[in-house]
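To start, the structure under review is shown below, and the notes come after it.
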Amino acid sequence: MAESIQERLSDVRREFHRYPEPAWREFYTTHRLVEELRAIGVDELAVGPEAYDGEDRMAVPEDDDVDRWYERALERGADPDLLDRIEGGHTGAVAVLDEGPGPVVGLRVDIDALFIEESTADDHAPAAEGFRSEREGTMHACGHDAHMTWGLATLEAVKASDFDGKLVVFFQPAEEVSGGGRPMAESRFADDLDYLFAVHVGLDHPTGEVVAGIERPLAMCHVDATFTGTSAHAGKAPQEGDNAMQALGTAIQNAYAIPRHSDGMTRVNLGRAEAGTASNVIAETAHVEAEARGETTELKEYVKSRLTRTFETAAEMHGCDVAVDVVSESPRADSDPELVDVVADVARGVDGVGSVVPTADFGASEDATFLMQRVQEEGGLATYLIVGTDHPTSHHTPTFDVDERSLGIGVDVLVESILAVGEDGA
């Protein structure tokens with residue numbers, strides 16, 4: 001019999017950490033998840049088109065990029081038959097444990113990594129202890145390696161318990177680009193969920209602290225714009241050009257002038273831009289990647305519409321065309337107080353937990369809100385909890401790491417919360 005996940009939490013987390021993969025390219029990650037899930041033994045295991053409709057995916061990268069990561073997973077030893085089923089970037093998995101007629105409980109964990117070069121410093125534990133990322137330029141810098149470990153260990157522990165009901169665990173791809181939450185929420189596996197737990201590690205909460213539910217996650221959208229003008233010789237005939245770079249500059253300046261809204265917090269940022277080919281050529285094309293956020297879904301829509309209009313008017317001003325693409329987006333959804341109370345009560349009895357915070361403002365965005373919203377709209381309860389960890393630097397930095405004492409705490413909080421709603425709902 002294989003050694004249980006709970007007896008090797010650190011080893012499992014470190015293996016995921018060594019091989020990070022970005023959104024919609026989590027091929028080897030999905031392979032390893034499937035291996036572990038098969039060893040645990042679940043009643044249904046869906047991957048690829050079985051897990052969700054690929055047409056619902058957002059922020060899917062170019063085929064060539066996806067194919068490169070597919071080949072890397074194949075070279076590393078991923079199961080070719082499984083890779084065939086998830087070809088084209090249909091990564092992630094849904095595992096179902098059917099233990100009786102009780103409530104249907106969902107657990108969502110995310111699986112993708114970030115484009116960050118991991119530190120090689122001697123005081124960075126993954127580098128010092130031999131589990132630094134093996135994929136240069138890619139890193140688990142947000143704790144999703146811990147999240148996957150929690151998902152597997154929770155499944156295993158619930159299966160070994162006297163839980164009466166159905167547990168559905170969503171191993172969701174592409175959270176970092178807000179691309180995977182919607183397809184999971186639109187899938188048949190989100191039907192009839194009575195409860196949903198989503199979870200994150202750290203987020204500036206220390207080891208031993210648990211936040212039972214977040215409030216006020218910002219609704220957000222990623223918006224790209226490509227301006228197309230007319231090239232010309234900058235010295236000989238500049239009047240013949242329609243300058244896409246000028247259109248881009250006008251768009252950038254005016255985007256930051258979008259009025260704030262009296263109904264609540266709004267955000268806009270243009271984070272990456274590229275234009276032109278040479279100093280003596282009027283720029284024919286320009287591209288910008290932007291985001292808009294709002295305290296509510298309605299406020300996000302307000303900023304998104306203003307941002308789109310800003311791009312369009314900037315293009316018109318300079319005689320250019322513009323193509324605006326909403327790459328991905330996610331709504332706001334708050335944790336339900338009734339389920340927050342369950343998690344808080346459970347966490348107070350878990351070894352290693354010294355502080356329980358009922359609710360906290362999230363202040364960022366998360367596409368788990370698609371699943372939360374689906375459950376809540378159909379009469380169920382959802383919460384997004386945080387299991388604290390001492391991380392030496394902030395999330396999304398080259399020296400981010402997880403205090404592995406948090407691994408066991410997270411499993412205990414999740415398992416006992418699932419068992420508690422199972423008892424209440426039975």
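Residues are referred to by chain and number: the chain letter is A, B, ... according to the order shown in the structure tokens, the number counts from 1 in that chain, and ligands are numbered separately from 1 in the order shown.
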
Can you pull out every residue within 12 Å of A:Asp263, counting only C-alpha atoms, but drop anything in the same chain fewer than 4 positions away, and send it as a VMD selection string? chain A and resid 259 294 to 300 302

Write out, as a JSON list (two decimals), in the first residue's frame, the residues just selected, with N, CA and C atoms.
[["chain", "number", "residue", "atom", "x", "y", "z"],
["A", 259, "PRO", "N", -12.71, 58.60, -14.15],
["A", 259, "PRO", "CA", -13.16, 59.03, -12.81],
["A", 259, "PRO", "C", -13.38, 57.84, -11.87],
["A", 294, "GLY", "N", -13.08, 46.43, -9.55],
["A", 294, "GLY", "CA", -14.09, 47.18, -8.83],
["A", 294, "GLY", "C", -14.50, 46.47, -7.56],
["A", 295, "GLU", "N", -14.95, 47.25, -6.59],
["A", 295, "GLU", "CA", -15.38, 46.68, -5.31],
["A", 295, "GLU", "C", -16.59, 45.77, -5.48],
["A", 296, "THR", "N", -17.37, 46.01, -6.52],
["A", 296, "THR", "CA", -18.48, 45.15, -6.88],
["A", 296, "THR", "C", -18.35, 44.77, -8.35],
["A", 297, "THR", "N", -19.10, 43.77, -8.74],
["A", 297, "THR", "CA", -19.10, 43.39, -10.16],
["A", 297, "THR", "C", -19.59, 44.55, -11.02],
["A", 298, "GLU", "N", -20.57, 45.29, -10.53],
["A", 298, "GLU", "CA", -21.10, 46.43, -11.29],
["A", 298, "GLU", "C", -20.04, 47.52, -11.45],
["A", 299, "LEU", "N", -19.25, 47.77, -10.41],
["A", 299, "LEU", "CA", -18.19, 48.77, -10.52],
["A", 299, "LEU", "C", -17.08, 48.32, -11.47],
["A", 300, "LYS", "N", -16.81, 47.02, -11.49],
["A", 300, "LYS", "CA", -15.85, 46.50, -12.48],
["A", 300, "LYS", "C", -16.35, 46.75, -13.88],
["A", 302, "TYR", "N", -18.30, 49.10, -14.83],
["A", 302, "TYR", "CA", -18.17, 50.54, -15.09],
["A", 302, "TYR", "C", -16.76, 50.87, -15.57]]

For A:Asp424, list every protein, DNA or RNA residue within 9 Å, evaluated using only C-alpha atoms, and leave out those in the same chain fewer than 4 positions away; present the list as a VMD selection string. chain A and resid 103 419 to 420

Just write the chosen residues, all heavy atoms, as a short mmCIF file (atom, residue, chain, number, x, y, z; two decimals), in the first residue's frame.
data_model
loop_
_atom_site.label_atom_id
_atom_site.label_comp_id
_atom_site.auth_asym_id
_atom_site.auth_seq_id
_atom_site.Cartn_x
_atom_site.Cartn_y
_atom_site.Cartn_z
N PRO A 103 -25.07 15.69 2.17
CA PRO A 103 -24.89 16.89 1.35
C PRO A 103 -23.76 16.75 0.34
O PRO A 103 -22.86 15.93 0.49
CB PRO A 103 -24.57 17.97 2.40
CG PRO A 103 -24.02 17.22 3.56
CD PRO A 103 -24.76 15.92 3.59
N LEU A 419 -16.46 17.63 7.42
CA LEU A 419 -17.21 16.69 8.26
C LEU A 419 -18.30 17.40 9.05
O LEU A 419 -19.40 16.85 9.26
CB LEU A 419 -16.24 15.99 9.21
CG LEU A 419 -15.19 15.07 8.58
CD1 LEU A 419 -14.33 14.43 9.65
CD2 LEU A 419 -15.84 13.99 7.69
N ALA A 420 -18.02 18.64 9.44
CA ALA A 420 -19.02 19.39 10.23
C ALA A 420 -20.25 19.70 9.39
O ALA A 420 -21.38 19.53 9.86
CB ALA A 420 -18.40 20.69 10.75
#

Can you check which parts of stretch 147-209 of chain A lie within 9 Å of stretch 382-391 of chain A? Per residue, the shortest pair of atoms and distance in Å to one decimal, counting only C-alpha atoms, sorted by chain and number, as a tab-separated table.
residue	atom	partner	partner_atom	distance
A:Asp194	CA	A:Ala382	CA	8.5
A:Tyr195	CA	A:Ala382	CA	5.6
A:Leu196	CA	A:Ala382	CA	4.5
A:Phe197	CA	A:Thr383	CA	5.3
A:Ala198	CA	A:Tyr384	CA	4.5
A:Val199	CA	A:Leu385	CA	4.9
A:His200	CA	A:Ile386	CA	4.9
A:Val201	CA	A:Val387	CA	5.0
A:Gly202	CA	A:Gly388	CA	4.3
A:Leu203	CA	A:Gly388	CA	7.1
A:Asp204	CA	A:Gly388	CA	7.2
A:His205	CA	A:Gly388	CA	4.5
A:Pro206	CA	A:Thr389	CA	4.6
A:Thr207	CA	A:Thr389	CA	3.9
A:Gly208	CA	A:Gly388	CA	6.1
A:Glu209	CA	A:Gly388	CA	5.0

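With only C-alpha atoms as the atoms that count, the minimum distance from A:Glu175 to the choices A:Thr313, A:Thr228, A:Ser365, A:Ser279 is reached by A:Ser365.
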
Neighbours of A:Thr138 within 7 Å (only C-alpha atoms; same-chain residues fewer than 6 positions away dropped), as a PyMOL selection string? chain A and resi 20-21+113-117

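With atom CA of A:Met245 on one side and atom CA of A:Ala290 on the other, the separation reads 15.9 Å.
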
Extract, using only C-alpha atoms, all DNA, RNA and protein residues at most 9 Å from stretch 146-148 of chain A, discarding same-chain residues fewer than 6 positions from it, and format them as an MDAnalysis selection string. chainID A and resid 9:10 12:14 16:17 33 108:111 171 199:201 402 404 406:407 410

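If you look at atom CA of A:Val169 and atom CA of A:Asp367, they are 15.7 Å away from each other.
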
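For the residues A:Asp98, A:Asp334, A:Asp112, A:Glu378, ranking by smallest atom-to-atom distance to A:Asp191 using only C-alpha atoms places A:Glu378 first.
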
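Among the candidate residues A:His124, A:Val158, A:Gly130, A:Ile86, the one lying nearest to A:Gly41 is A:Val158, with distances computed using only C-alpha atoms.
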
I need the alpha helix (DSSP H) residues of stretch 122-291 of chain A per DSSP on the backbone, written as a ChimeraX atom specification. /A:125-128,144-159,181-186,244-255

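Using only C-alpha atoms, the shortest contact distance between A:Leu218 and any of A:Asp64, A:Glu329, A:Glu75, A:Asp401 is found at A:Glu329.
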
Counting only C-alpha atoms, what is within 7 Å of A:His395, bar same-chain residues fewer than 2 positions away, as number ranges by chain? A: 141-142, 393, 397, 400

If you run DSSP on this backbone, which residues of stretch 99-199 of chain A come out as strand (DSSP E), and could you give them as a PyMOL selection string? chain A and resi 104-110+166-172+195-199

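Distances here use only C-alpha atoms; by that measure, the residue among A:Ser178, A:Gln172, A:Thr91, A:Thr266 closest to A:Gly48 is A:Thr91.
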
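Using only C-alpha atoms, the smallest distance between any of A:Ser262, A:Thr308, A:Asn243, A:Gln373 and A:Ser330 comes from A:Gln373.
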